[in-house]
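**Student:** Next comes the structure file model07.txt, holding compact mmCIF, C-alpha atoms.
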# COMPACT_ATOMS: atom_id res chain seq x y z
CA MET Y 1 -76.80 -50.45 80.38
CA GLU Y 2 -79.94 -49.25 78.77
CA SER Y 3 -82.13 -50.86 77.55
CA THR Y 4 -87.11 -52.68 76.80
CA ALA Y 5 -94.40 -57.60 78.67
CA ALA Y 6 -97.42 -59.44 81.33
CA LEU Y 7 -99.88 -56.94 80.16
CA PRO Y 8 -102.47 -54.87 82.01
CA GLU Y 9 -106.11 -55.09 81.08
CA LEU Y 10 -106.96 -52.59 78.36
CA PRO Y 11 -108.49 -49.52 80.01
CA PRO Y 12 -111.72 -47.96 78.74
CA VAL Y 13 -111.36 -46.02 75.51
CA THR Y 14 -110.68 -42.39 76.27
CA PRO Y 15 -113.46 -39.90 75.59
CA ALA Y 16 -111.48 -38.64 72.61
CA PHE Y 17 -113.03 -41.27 70.37
CA VAL Y 18 -116.66 -41.45 71.33
CA GLN Y 19 -118.96 -40.18 68.64
CA ALA Y 20 -119.66 -36.50 69.01
CA PRO Y 21 -120.98 -33.68 66.86
CA ALA Y 22 -118.71 -32.41 64.11
CA ILE Y 23 -116.18 -29.91 65.32
CA GLY Y 24 -116.94 -26.33 64.44
CA GLY Y 25 -114.51 -23.43 64.38
CA SER Y 26 -114.38 -22.74 68.13
CA GLY Y 27 -114.56 -26.43 69.03
CA ARG Y 28 -111.68 -27.26 66.74
CA SER Y 29 -109.66 -24.42 68.21
CA GLU Y 30 -110.20 -25.71 71.75
CA THR Y 31 -109.32 -29.22 70.68
CA THR Y 32 -106.18 -28.09 68.88
CA SER Y 33 -105.13 -26.12 71.95
CA ALA Y 34 -105.59 -29.11 74.26
CA LEU Y 35 -103.76 -31.38 71.85
CA ALA Y 36 -100.86 -28.94 71.53
CA LYS Y 37 -100.62 -28.85 75.32
CA ALA Y 38 -100.50 -32.65 75.46
CA GLU Y 39 -97.81 -32.75 72.78
CA ARG Y 40 -95.71 -30.25 74.74
CA HIS Y 41 -95.97 -32.48 77.79
CA LEU Y 42 -94.90 -35.41 75.63
CA ASP Y 43 -91.90 -33.48 74.36
CA GLU Y 44 -90.92 -32.82 77.99
CA HIS Y 45 -91.41 -36.51 78.90
CA ARG Y 46 -94.34 -35.65 81.19
CA TYR Y 47 -96.40 -38.61 80.09
CA ALA Y 48 -99.06 -38.63 82.80
CA ASP Y 49 -99.70 -34.93 82.16
CA ALA Y 50 -100.08 -35.65 78.44
CA VAL Y 51 -102.74 -38.28 79.10
CA GLU Y 52 -104.53 -35.93 81.47
CA ALA Y 53 -104.52 -33.12 78.91
CA LEU Y 54 -106.27 -35.41 76.43
CA SER Y 55 -108.92 -36.59 78.88
CA GLU Y 56 -111.48 -33.94 77.84
CA VAL Y 57 -110.74 -33.97 74.12
CA HIS Y 58 -113.65 -35.07 71.92
CA ILE Y 59 -112.85 -35.79 68.28
CA PRO Y 60 -115.00 -37.86 65.92
CA THR Y 61 -112.67 -39.53 63.45
CA THR Y 62 -115.10 -38.93 60.57
CA SER Y 63 -115.13 -35.12 60.71
CA ALA Y 64 -111.61 -34.40 61.99
CA PRO Y 65 -109.39 -37.37 61.07
CA ASP Y 66 -106.23 -35.27 61.13
CA LEU Y 67 -106.73 -34.30 64.77
CA ALA Y 68 -107.90 -37.80 65.66
CA LEU Y 69 -104.65 -39.28 64.31
CA ARG Y 70 -102.56 -36.82 66.32
CA VAL Y 71 -104.50 -37.64 69.48
CA LEU Y 72 -104.04 -41.38 68.93
CA HIS Y 73 -100.32 -40.93 68.37
CA CYS Y 74 -99.94 -38.69 71.41
CA GLU Y 75 -101.85 -40.89 73.81
CA ALA Y 76 -100.29 -44.12 72.53
CA TRP Y 77 -96.79 -42.73 73.01
CA ALA Y 78 -97.58 -41.41 76.50
CA ARG Y 79 -99.09 -44.70 77.64
CA LEU Y 80 -96.19 -46.65 76.13
CA TYR Y 81 -93.74 -44.77 78.35
CA LEU Y 82 -96.01 -45.08 81.36
CA GLY Y 83 -95.65 -48.84 81.00
CA GLU Y 84 -99.23 -49.36 79.77
CA VAL Y 85 -97.99 -51.38 76.84
CA GLU Y 86 -101.19 -53.17 75.88
CA ALA Y 87 -103.24 -49.98 75.93
CA ALA Y 88 -100.58 -48.20 73.86
CA ASP Y 89 -100.59 -51.03 71.33
CA ALA Y 90 -104.37 -50.85 70.94
CA LEU Y 91 -104.24 -47.09 70.35
CA ALA Y 92 -101.36 -47.43 67.88
CA GLU Y 93 -103.27 -50.10 65.95
CA ARG Y 94 -106.27 -47.76 65.69
CA ALA Y 95 -103.96 -45.03 64.43
CA ARG Y 96 -102.57 -47.38 61.78
CA ALA Y 97 -106.05 -48.27 60.58
CA LEU Y 98 -107.09 -44.60 60.48
CA SER Y 99 -103.95 -43.65 58.52
CA GLU Y 100 -105.05 -45.93 55.68
CA GLY Y 101 -107.72 -43.37 54.78
CA ALA Y 102 -107.49 -41.40 51.55
CA THR Y 103 -106.91 -38.12 53.39
CA PHE Y 104 -103.53 -39.27 54.67
CA SER Y 105 -100.14 -39.47 52.94
CA ASP Y 106 -97.55 -42.22 52.82
CA VAL Y 107 -95.56 -40.33 55.48
CA ASP Y 108 -98.60 -40.42 57.78
CA ARG Y 109 -98.87 -44.15 57.19
CA ALA Y 110 -95.12 -44.59 57.77
CA GLU Y 111 -95.35 -42.81 61.12
CA ALA Y 112 -98.33 -44.92 62.18
CA LEU Y 113 -96.45 -48.11 61.28
CA PHE Y 114 -93.36 -46.90 63.11
CA ARG Y 115 -95.28 -46.19 66.31
CA LEU Y 116 -97.06 -49.52 66.14
CA GLY Y 117 -93.67 -51.19 65.70
CA CYS Y 118 -92.43 -49.51 68.88
CA CYS Y 119 -95.38 -50.93 70.78
CA ARG Y 120 -94.77 -54.39 69.35
CA LEU Y 121 -91.11 -54.25 70.37
CA LYS Y 122 -92.10 -53.28 73.92
CA ARG Y 123 -94.45 -56.28 73.89
CA ASN Y 124 -91.45 -58.44 72.91
CA ARG Y 125 -92.85 -59.21 69.45
CA VAL Y 126 -89.47 -58.47 67.91
CA SER Y 127 -89.91 -60.03 64.45
CA ASN Y 128 -93.23 -58.26 63.97
CA ALA Y 129 -91.63 -54.98 65.03
CA VAL Y 130 -88.84 -55.45 62.46
CA SER Y 131 -91.44 -55.94 59.72
CA LEU Y 132 -93.34 -52.82 60.72
CA PHE Y 133 -90.19 -50.69 60.88
CA THR Y 134 -89.14 -51.99 57.45
CA LEU Y 135 -92.51 -51.02 55.96
CA ALA Y 136 -92.25 -47.58 57.56
CA LEU Y 137 -88.80 -47.12 56.01
CA ARG Y 138 -90.15 -47.91 52.55
CA LEU Y 139 -93.15 -45.60 52.84
CA GLY Y 140 -91.04 -42.71 54.11
CA GLU Y 141 -88.48 -42.83 51.28
CA ARG Y 142 -90.03 -40.05 49.19
CA GLY Y 143 -91.52 -38.03 52.02
CA GLY Y 144 -89.02 -35.18 52.20
CA ILE Y 145 -87.89 -33.98 55.63
CA ASP Y 146 -90.90 -35.48 57.41
CA GLY Y 147 -90.25 -38.81 55.75
CA ASP Y 148 -86.57 -38.69 56.67
CA ARG Y 149 -87.50 -37.98 60.31
CA VAL Y 150 -89.73 -41.06 60.44
CA ARG Y 151 -87.04 -43.11 58.71
CA ALA Y 152 -84.38 -41.99 61.20
CA GLN Y 153 -86.64 -43.10 64.05
CA ALA Y 154 -87.42 -46.41 62.34
CA PHE Y 155 -83.73 -47.14 61.75
CA GLU Y 156 -82.92 -46.37 65.40
CA TRP Y 157 -85.66 -48.63 66.75
CA ARG Y 158 -84.93 -51.42 64.27
CA ALA Y 159 -81.32 -51.33 65.50
CA ARG Y 160 -82.69 -52.18 68.95
CA CYS Y 161 -84.50 -55.18 67.48
CA TYR Y 162 -81.39 -56.44 65.70
CA GLN Y 163 -79.41 -56.23 68.93
CA LEU Y 164 -81.95 -58.47 70.65
CA GLN Y 165 -81.62 -60.88 67.73
CA ARG Y 166 -77.79 -60.73 67.94
CA GLU Y 167 -77.55 -59.39 64.38
CA TRP Y 168 -74.72 -57.00 65.17
CA ASP Y 169 -73.81 -55.92 61.65
CA ALA Y 170 -77.41 -55.11 60.83
CA ALA Y 171 -77.79 -53.22 64.09
CA GLN Y 172 -74.67 -51.16 63.38
CA ILE Y 173 -75.80 -50.33 59.84
CA ASP Y 174 -79.22 -49.19 61.07
CA ALA Y 175 -77.78 -47.13 63.92
CA GLU Y 176 -75.34 -45.40 61.57
CA SER Y 177 -78.14 -44.78 59.05
CA ALA Y 178 -80.20 -43.18 61.80
CA VAL Y 179 -77.27 -40.90 62.70
CA GLU Y 180 -76.84 -39.83 59.06
CA LEU Y 181 -80.52 -39.02 58.59
CA ALA Y 182 -80.73 -37.17 61.90
CA GLN Y 183 -77.75 -35.05 60.88
CA LEU Y 184 -79.25 -34.46 57.43
CA ILE Y 185 -82.45 -33.00 58.86
CA GLY Y 186 -80.69 -31.27 61.76
CA ASP Y 187 -82.52 -33.12 64.54
CA GLY Y 188 -80.16 -33.24 67.52
CA ARG Y 189 -82.51 -35.27 69.70
CA LEU Y 190 -82.78 -38.02 67.12
CA GLU Y 191 -79.02 -37.93 66.60
CA ALA Y 192 -78.46 -38.45 70.34
CA LEU Y 193 -80.73 -41.50 70.35
CA ALA Y 194 -79.04 -42.95 67.27
CA LEU Y 195 -75.55 -42.37 68.70
CA MET Y 196 -76.66 -44.16 71.84
CA GLN Y 197 -77.52 -47.20 69.73
CA CYS Y 198 -74.08 -46.99 68.07
CA SER Y 199 -72.58 -47.02 71.56
CA LEU Y 200 -74.60 -50.04 72.65
CA VAL Y 201 -73.62 -52.00 69.54
CA ALA Y 202 -69.94 -51.16 70.11
CA GLU Y 203 -70.16 -52.26 73.76
CA ARG Y 204 -71.80 -55.55 72.84
CA GLY Y 205 -69.06 -56.00 70.24
CA GLY Y 206 -66.42 -55.80 72.95
CA ASP Y 207 -65.09 -52.29 72.25
CA PRO Y 208 -65.86 -50.18 75.34
CA LEU Y 209 -63.56 -47.34 74.23
CA LEU Y 210 -65.49 -46.86 70.99
CA ALA Y 211 -68.72 -47.27 72.91
CA ARG Y 212 -67.70 -44.47 75.29
CA PHE Y 213 -66.78 -42.24 72.35
CA TYR Y 214 -70.27 -42.64 70.90
CA ALA Y 215 -71.90 -42.23 74.31
CA GLU Y 216 -70.07 -38.98 75.00
CA ARG Y 217 -71.18 -37.61 71.61
CA ALA Y 218 -74.72 -38.74 72.35
CA ARG Y 219 -74.72 -37.03 75.72
CA SER Y 220 -73.48 -33.79 74.19
CA GLN Y 221 -76.31 -33.82 71.65
CA ALA Y 222 -78.95 -34.66 74.26
CA ASN Y 223 -77.72 -31.91 76.57
CA ASP Y 224 -77.54 -29.31 73.78
CA ASN Y 225 -81.12 -30.12 72.78
CA GLY Y 226 -82.58 -30.18 76.28
CA ASP Y 227 -83.45 -33.88 76.22
CA ARG Y 228 -82.95 -34.67 79.90
CA GLN Y 229 -84.47 -38.14 79.76
CA THR Y 230 -82.14 -39.34 77.02
CA GLU Y 231 -79.20 -37.66 78.74
CA ALA Y 232 -79.96 -39.51 81.99
CA ARG Y 233 -80.02 -42.83 80.15
CA ILE Y 234 -76.76 -42.09 78.36
CA VAL Y 235 -75.10 -41.09 81.64
CA ASN Y 236 -76.19 -44.46 83.06
CA ASN Y 237 -74.52 -46.17 80.12
CA LEU Y 238 -71.38 -44.08 80.61
CA GLY Y 239 -71.26 -45.39 84.17
CA GLY Y 240 -71.30 -48.97 82.97
CA LEU Y 241 -68.67 -48.27 80.34
CA SER Y 242 -66.40 -46.52 82.85
CA PHE Y 243 -66.56 -49.59 85.07
CA LEU Y 244 -65.69 -51.86 82.15
CA LEU Y 245 -62.70 -49.61 81.47
CA GLY Y 246 -61.43 -50.05 85.03
CA GLU Y 247 -62.68 -46.75 86.47
CA PRO Y 248 -65.07 -47.73 89.29
CA GLU Y 249 -65.04 -44.36 91.06
CA ILE Y 250 -65.92 -42.53 87.84
CA ALA Y 251 -68.59 -45.17 87.19
CA VAL Y 252 -70.24 -44.53 90.57
CA ALA Y 253 -70.19 -40.77 89.94
CA TYR Y 254 -71.90 -41.21 86.56
CA LEU Y 255 -74.52 -43.55 87.98
CA LYS Y 256 -75.36 -41.21 90.83
CA GLU Y 257 -75.69 -38.38 88.32
CA SER Y 258 -78.02 -40.52 86.19
CA PHE Y 259 -80.12 -41.29 89.27
CA ALA Y 260 -80.39 -37.58 90.11
CA LEU Y 261 -81.26 -36.58 86.55
CA SER Y 262 -83.98 -39.23 86.32
CA LEU Y 263 -85.56 -38.15 89.59
CA GLU Y 264 -85.35 -34.52 88.49
CA ILE Y 265 -87.65 -35.22 85.53
CA GLY Y 266 -89.87 -37.57 87.53
CA ASN Y 267 -88.77 -40.80 85.82
CA GLU Y 268 -88.59 -43.27 88.70
CA ALA Y 269 -88.15 -46.28 86.42
CA ASP Y 270 -84.96 -44.88 84.90
CA ALA Y 271 -83.79 -43.90 88.38
CA ALA Y 272 -84.26 -47.54 89.36
CA GLN Y 273 -82.13 -48.55 86.39
CA ALA Y 274 -79.32 -46.36 87.72
CA VAL Y 275 -79.70 -48.00 91.15
CA SER Y 276 -79.50 -51.40 89.45
CA SER Y 277 -76.28 -50.37 87.75
CA LEU Y 278 -74.87 -49.17 91.08
CA ALA Y 279 -75.73 -52.55 92.57
CA GLN Y 280 -73.75 -54.23 89.78
CA VAL Y 281 -70.72 -52.04 90.46
CA HIS Y 282 -70.83 -52.56 94.22
CA LEU Y 283 -71.22 -56.32 93.77
CA ARG Y 284 -68.13 -56.50 91.56
CA CYS Y 285 -66.23 -54.28 93.99
CA GLY Y 286 -66.84 -56.73 96.85
CA ALA Y 287 -69.83 -55.17 98.63
CA PRO Y 288 -72.59 -57.82 98.24
CA GLN Y 289 -74.77 -56.56 101.10
CA LEU Y 290 -74.93 -53.07 99.61
CA ALA Y 291 -75.56 -54.61 96.19
CA GLU Y 292 -78.45 -56.65 97.62
CA GLU Y 293 -80.00 -53.57 99.19
CA GLN Y 294 -79.76 -51.57 95.98
CA ALA Y 295 -81.05 -54.42 93.81
CA ARG Y 296 -84.12 -54.90 96.01
CA HIS Y 297 -84.75 -51.16 95.91
CA ALA Y 298 -84.59 -51.18 92.10
CA LEU Y 299 -87.00 -54.12 91.91
CA SER Y 300 -89.45 -52.38 94.24
CA ILE Y 301 -89.63 -49.45 91.82
CA LEU Y 302 -89.73 -51.42 88.58
CA ALA Y 303 -92.33 -53.82 90.03
CA GLU Y 304 -94.24 -55.28 87.07
CA ARG Y 305 -93.24 -52.66 84.48
CA ALA Y 306 -93.79 -54.39 81.15
CA ASP Y 307 -91.43 -52.01 79.36
CA TYR Y 308 -88.45 -52.81 81.60
CA VAL Y 309 -88.37 -56.60 81.27
CA ASP Y 310 -84.66 -56.70 80.42
CA GLU Y 311 -83.69 -54.47 83.33
CA ARG Y 312 -85.86 -56.43 85.78
CA GLY Y 313 -84.10 -59.60 84.65
CA ASN Y 314 -80.71 -57.96 85.08
CA VAL Y 315 -81.61 -56.88 88.62
CA HIS Y 316 -82.64 -60.43 89.54
CA LEU Y 317 -79.25 -61.65 88.28
CA VAL Y 318 -77.38 -59.06 90.34
CA LEU Y 319 -79.48 -59.83 93.40
CA GLY Y 320 -78.89 -63.55 92.96
CA ARG Y 321 -75.13 -63.11 92.69
CA ALA Y 322 -75.13 -60.85 95.76
CA LEU Y 323 -76.97 -63.57 97.67
CA VAL Y 324 -74.48 -66.19 96.50
CA GLU Y 325 -71.64 -64.09 97.89
CA GLN Y 326 -73.47 -64.13 101.23
CA SER Y 327 -73.86 -67.94 101.08
CA ARG Y 328 -77.65 -67.67 100.67
CA GLU Y 329 -77.72 -70.10 97.79
CA ASP Y 330 -81.36 -71.24 97.85
CA GLU Y 331 -82.53 -67.64 97.72
CA ALA Y 332 -80.07 -66.95 94.91
CA MET Y 333 -81.41 -69.81 92.79
CA LYS Y 334 -84.91 -68.33 92.98
CA GLU Y 335 -83.58 -65.01 91.71
CA PHE Y 336 -81.75 -66.71 88.82
CA ALA Y 337 -84.94 -68.56 87.88
CA ALA Y 338 -86.88 -65.28 87.91
CA ALA Y 339 -84.25 -63.74 85.62
CA GLU Y 340 -84.42 -66.70 83.24
CA TRP Y 341 -88.22 -66.45 83.02
CA LEU Y 342 -88.11 -62.72 82.27
CA PHE Y 343 -85.37 -63.11 79.67
CA GLU Y 344 -87.28 -65.90 77.93
CA SER Y 345 -90.28 -63.58 77.61
CA LEU Y 346 -87.92 -60.95 76.15
CA GLY Y 347 -86.80 -63.36 73.44
CA SER Y 348 -83.09 -62.56 73.76
CA VAL Y 349 -80.83 -65.62 73.58
CA SER Y 350 -77.84 -63.82 75.07
CA HIS Y 351 -79.86 -62.71 78.10
CA VAL Y 352 -81.19 -66.22 78.71
CA ALA Y 353 -77.67 -67.62 78.35
CA ALA Y 354 -76.50 -65.22 81.06
CA ALA Y 355 -79.14 -66.64 83.43
CA TRP Y 356 -78.04 -70.21 82.64
CA MET Y 357 -74.41 -69.31 83.32
CA ALA Y 358 -75.33 -67.75 86.66
CA GLN Y 359 -77.11 -70.99 87.60
CA GLY Y 360 -74.10 -72.95 86.36
CA ASP Y 361 -71.82 -70.92 88.62
CA LEU Y 362 -74.03 -71.70 91.59
CA TYR Y 363 -74.13 -75.44 90.89
CA GLY Y 364 -70.36 -75.39 90.51
CA ARG Y 365 -70.04 -73.66 93.87
CA ARG Y 366 -72.15 -76.45 95.38
CA GLY Y 367 -69.90 -79.10 93.84
CA ASP Y 368 -72.48 -80.36 91.34
CA LEU Y 369 -70.17 -80.31 88.35
CA GLU Y 370 -72.50 -82.34 86.13
CA ALA Y 371 -75.35 -79.81 86.44
CA SER Y 372 -72.92 -76.92 86.16
CA THR Y 373 -71.35 -78.27 82.97
CA ALA Y 374 -74.77 -78.96 81.43
CA LEU Y 375 -75.84 -75.35 81.97
CA TYR Y 376 -72.59 -73.95 80.57
CA ARG Y 377 -72.96 -76.19 77.53
CA ARG Y 378 -76.56 -75.09 77.02
CA ALA Y 379 -75.47 -71.44 77.14
CA ALA Y 380 -72.60 -72.03 74.71
CA GLU Y 381 -74.81 -73.89 72.24
CA ALA Y 382 -77.44 -71.15 72.38
CA LEU Y 383 -74.87 -68.48 71.58
CA GLN Y 384 -72.95 -70.25 68.84
CA ASP Y 385 -73.50 -69.07 65.28
CA PHE Y 386 -72.03 -72.14 63.54
CA ASN Y 387 -74.33 -75.17 63.56
CA PHE Y 388 -73.15 -77.46 60.70
If you convert what's in this file into structure tokens, what do you get?
**Tutor:**
Amino acid sequence: MESTAALPELPPVTPAFVQAPAIGGSGRSETTSALAKAERHLDEHRYADAVEALSEVHIPTTSAPDLALRVLHCEAWARLYLGEVEAADALAERARALSEGATFSDVDRAEALFRLGCCRLKRNRVSNAVSLFTLALRLGERGGIDGDRVRAQAFEWRARCYQLQREWDAAQIDAESAVELAQLIGDGRLEALALMQCSLVAERGGDPLLARFYAERARSQANDNGDRQTEARIVNNLGGLSFLLGEPEIAVAYLKESFALSLEIGNEADAAQAVSSLAQVHLRCGAPQLAEEQARHALSILAERADYVDERGNVHLVLGRALVEQSREDEAMKEFAAAEWLFESLGSVSHVAAAWMAQGDLYGRRGDLEASTALYRRAAEALQDFNF
């Protein structure tokens, strides 16, 4: 299922923000043209091309703050999806500071807060991200269509945060609010993303049929609006849901389609996620050697991607279980430990509990019932909601 950081050193500030002479008529036109090109690349999920298009843009924030804010937003978003999370966060923070200027509206400030919140979520600062999304929602309340668009995005991303925090009711309310706003403003791409969150909440709530209903609606919206990246991710989720519903052959077909779609748009990380899902299916269908091969392939692509921490942890779990089935228990324990470490950095209790249970299974297999029971108990206590 879908899903979201060891951080790279912040790269040098792009030339877009070095001090330069004020932009005249022709200079502004050239800058606007380059920025529009970068934004088109962004819309097509061609993130490296977007960064490249901005490489020669020179905008002093004092004489053209409107263009400077757009450049910051564009580059931050591109770098976020390239996995350069720390660099994206720094750019988004500069955009937030710039948006505080008198020339900008509350909607501008709401968008800057929303984008900064996305970066914070990708850096696993979930509580901070929730606060930023909440502020963005308040600022966008009286912003008309533009404000509603920012609010729909903020609701959708805050739903992701609440899922990590196991606040299922709050996540469902936010996802449904995002759907309503997206429908109100007629934004099919946003509606697809919001429906995908509704599907994820339903799946985590133990209702795969409802989850598939939402996922199929989401895919239809993504396809109708030409959003191939979102469609590929939804198809991956449909594969997982089909397996949960006892349809392994349909699941494999969906996952292969997701893999092909991701490669078609040049998104190797999402392609690796589809391979990871295939490994999970093959493991549960009794093919541990194939599962091991696919899991290692997925890890080789995801490498140290800071924005795929949850998926990297999932792959380590699958790989570990595949190794257990091949009686390679010492190797498996290392994979489970790697998963636990990644999940702890993610801050998701349910993910960490899954790693503890995998270790408990292995100790039980070895006959160490005391260690096995202790790990199961730790997982159960972490997941319980009643404490007194």
**Student:** Near Ser300 in chain Y, within 12 Å and counting all atoms listed in the file, which residues show up once chain neighbours fewer than 6 positions away are dropped, as a list in words?
**Tutor:**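 So, after excluding close chain neighbours, the residues are Glu268, Ala269, Ala271, Ala272, Gln273, Val275, Ser276, Glu293, Gln294, Arg312, Val315 and His316 of chain Y.
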**Student:** Each residue of range 208-252 of chain Y lying at most 12 Å from range 166-180 of chain Y should get a row with its shortest atom-to-atom pair and the distance in Å to one decimal, counting all atoms listed in the file; could you produce that, ordered by chain and increasing number, as JSON lines?
**Tutor:**
{"residue": "Y:Ala211", "atom": "CA", "partner": "Y:Gln172", "partner_atom": "CA", "distance": 11.9}
{"residue": "Y:Tyr214", "atom": "CA", "partner": "Y:Val179", "partner_atom": "CA", "distance": 10.9}
{"residue": "Y:Arg217", "atom": "CA", "partner": "Y:Val179", "partner_atom": "CA", "distance": 11.3}
{"residue": "Y:Ala218", "atom": "CA", "partner": "Y:Val179", "partner_atom": "CA", "distance": 10.2}
{"residue": "Y:Gln221", "atom": "CA", "partner": "Y:Val179", "partner_atom": "CA", "distance": 11.5}
**Student:** Rounded to one decimal place, report the CA of Ala194 in chain Y-CA of Gln153 in chain Y distance in Å.
**Tutor:**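 Atom-to-atom, CA of Ala194 in chain Y to CA of Gln153 in chain Y, that is 8.3 Å.
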**Student:** Record the distance separating CA of Val130 in chain Y and CA of Arg70 in chain Y, expressed in Å with one decimal.
**Tutor:**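 One can read the CA of Val130 in chain Y to CA of Arg70 in chain Y distance as 23.5 Å.
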**Student:** Counting all atoms listed in the file, what is within 6 Å of range 131-134 of chain Y, bar same-chain residues fewer than 4 positions away, as number ranges by chain?
**Tutor:** Y: 113-114, 117, 154
**Student:** Skipping near chain neighbours, those fewer than 3 positions away, what residues fall within 12 Å of Asp227 in chain Y using all atoms listed in the file, listed as an MDAnalysis selection string?
**Tutor:** chainID Y and resid 42:45 187:193 218:224 230:234 261:262 265
**Student:** Could N, CA and C atoms be built for range 242-263 of chain Y and written out as a PDB file, in the frame of the given file?
**Tutor:**
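Output file result_39.pdb follows:
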ATOM      1  N   SER Y 242     -67.548 -46.914  82.023  1.00  0.00           N
ATOM      2  CA  SER Y 242     -66.400 -46.520  82.850  1.00  0.00           C
ATOM      3  C   SER Y 242     -65.966 -47.684  83.733  1.00  0.00           C
ATOM      4  N   PHE Y 243     -66.931 -48.435  84.247  1.00  0.00           N
ATOM      5  CA  PHE Y 243     -66.560 -49.590  85.070  1.00  0.00           C
ATOM      6  C   PHE Y 243     -65.835 -50.638  84.234  1.00  0.00           C
ATOM      7  N   LEU Y 244     -66.344 -50.891  83.025  1.00  0.00           N
ATOM      8  CA  LEU Y 244     -65.690 -51.860  82.150  1.00  0.00           C
ATOM      9  C   LEU Y 244     -64.267 -51.434  81.799  1.00  0.00           C
ATOM     10  N   LEU Y 245     -64.013 -50.133  81.796  1.00  0.00           N
ATOM     11  CA  LEU Y 245     -62.700 -49.610  81.470  1.00  0.00           C
ATOM     12  C   LEU Y 245     -61.807 -49.462  82.701  1.00  0.00           C
ATOM     13  N   GLY Y 246     -62.251 -50.037  83.831  1.00  0.00           N
ATOM     14  CA  GLY Y 246     -61.430 -50.050  85.030  1.00  0.00           C
ATOM     15  C   GLY Y 246     -61.443 -48.758  85.823  1.00  0.00           C
ATOM     16  N   GLU Y 247     -62.550 -48.019  85.761  1.00  0.00           N
ATOM     17  CA  GLU Y 247     -62.680 -46.750  86.470  1.00  0.00           C
ATOM     18  C   GLU Y 247     -63.906 -46.759  87.381  1.00  0.00           C
ATOM     19  N   PRO Y 248     -63.882 -47.570  88.456  1.00  0.00           N
ATOM     20  CA  PRO Y 248     -65.070 -47.730  89.290  1.00  0.00           C
ATOM     21  C   PRO Y 248     -65.541 -46.444  89.968  1.00  0.00           C
ATOM     22  N   GLU Y 249     -64.621 -45.598  90.390  1.00  0.00           N
ATOM     23  CA  GLU Y 249     -65.040 -44.360  91.060  1.00  0.00           C
ATOM     24  C   GLU Y 249     -65.757 -43.430  90.086  1.00  0.00           C
ATOM     25  N   ILE Y 250     -65.242 -43.334  88.861  1.00  0.00           N
ATOM     26  CA  ILE Y 250     -65.920 -42.530  87.840  1.00  0.00           C
ATOM     27  C   ILE Y 250     -67.273 -43.136  87.504  1.00  0.00           C
ATOM     28  N   ALA Y 251     -67.326 -44.475  87.466  1.00  0.00           N
ATOM     29  CA  ALA Y 251     -68.590 -45.170  87.190  1.00  0.00           C
ATOM     30  C   ALA Y 251     -69.643 -44.804  88.222  1.00  0.00           C
ATOM     31  N   VAL Y 252     -69.284 -44.860  89.491  1.00  0.00           N
ATOM     32  CA  VAL Y 252     -70.240 -44.530  90.570  1.00  0.00           C
ATOM     33  C   VAL Y 252     -70.711 -43.090  90.438  1.00  0.00           C
ATOM     34  N   ALA Y 253     -69.807 -42.172  90.091  1.00  0.00           N
ATOM     35  CA  ALA Y 253     -70.190 -40.770  89.940  1.00  0.00           C
ATOM     36  C   ALA Y 253     -71.194 -40.597  88.806  1.00  0.00           C
ATOM     37  N   TYR Y 254     -70.949 -41.268  87.689  1.00  0.00           N
ATOM     38  CA  TYR Y 254     -71.900 -41.210  86.560  1.00  0.00           C
ATOM     39  C   TYR Y 254     -73.262 -41.766  86.962  1.00  0.00           C
ATOM     40  N   LEU Y 255     -73.262 -42.891  87.635  1.00  0.00           N
ATOM     41  CA  LEU Y 255     -74.520 -43.550  87.980  1.00  0.00           C
ATOM     42  C   LEU Y 255     -75.326 -42.724  88.976  1.00  0.00           C
ATOM     43  N   LYS Y 256     -74.657 -42.092  89.903  1.00  0.00           N
ATOM     44  CA  LYS Y 256     -75.360 -41.210  90.830  1.00  0.00           C
ATOM     45  C   LYS Y 256     -75.929 -39.996  90.104  1.00  0.00           C
ATOM     46  N   GLU Y 257     -75.194 -39.503  89.114  1.00  0.00           N
ATOM     47  CA  GLU Y 257     -75.690 -38.380  88.320  1.00  0.00           C
ATOM     48  C   GLU Y 257     -76.921 -38.804  87.520  1.00  0.00           C
ATOM     49  N   SER Y 258     -76.871 -40.000  86.942  1.00  0.00           N
ATOM     50  CA  SER Y 258     -78.020 -40.520  86.190  1.00  0.00           C
ATOM     51  C   SER Y 258     -79.241 -40.645  87.092  1.00  0.00           C
ATOM     52  N   PHE Y 259     -79.028 -41.155  88.300  1.00  0.00           N
ATOM     53  CA  PHE Y 259     -80.120 -41.290  89.270  1.00  0.00           C
ATOM     54  C   PHE Y 259     -80.741 -39.920  89.567  1.00  0.00           C
ATOM     55  N   ALA Y 260     -79.890 -38.914  89.799  1.00  0.00           N
ATOM     56  CA  ALA Y 260     -80.390 -37.580  90.110  1.00  0.00           C
ATOM     57  C   ALA Y 260     -81.141 -36.963  88.941  1.00  0.00           C
ATOM     58  N   LEU Y 261     -80.609 -37.121  87.734  1.00  0.00           N
ATOM     59  CA  LEU Y 261     -81.260 -36.580  86.550  1.00  0.00           C
ATOM     60  C   LEU Y 261     -82.632 -37.217  86.335  1.00  0.00           C
ATOM     61  N   SER Y 262     -82.706 -38.525  86.529  1.00  0.00           N
ATOM     62  CA  SER Y 262     -83.980 -39.230  86.320  1.00  0.00           C
ATOM     63  C   SER Y 262     -85.024 -38.780  87.328  1.00  0.00           C
ATOM     64  N   LEU Y 263     -84.622 -38.630  88.575  1.00  0.00           N
ATOM     65  CA  LEU Y 263     -85.560 -38.150  89.590  1.00  0.00           C
ATOM     66  C   LEU Y 263     -85.983 -36.717  89.313  1.00  0.00           C
TER      67      LEU Y 263
END
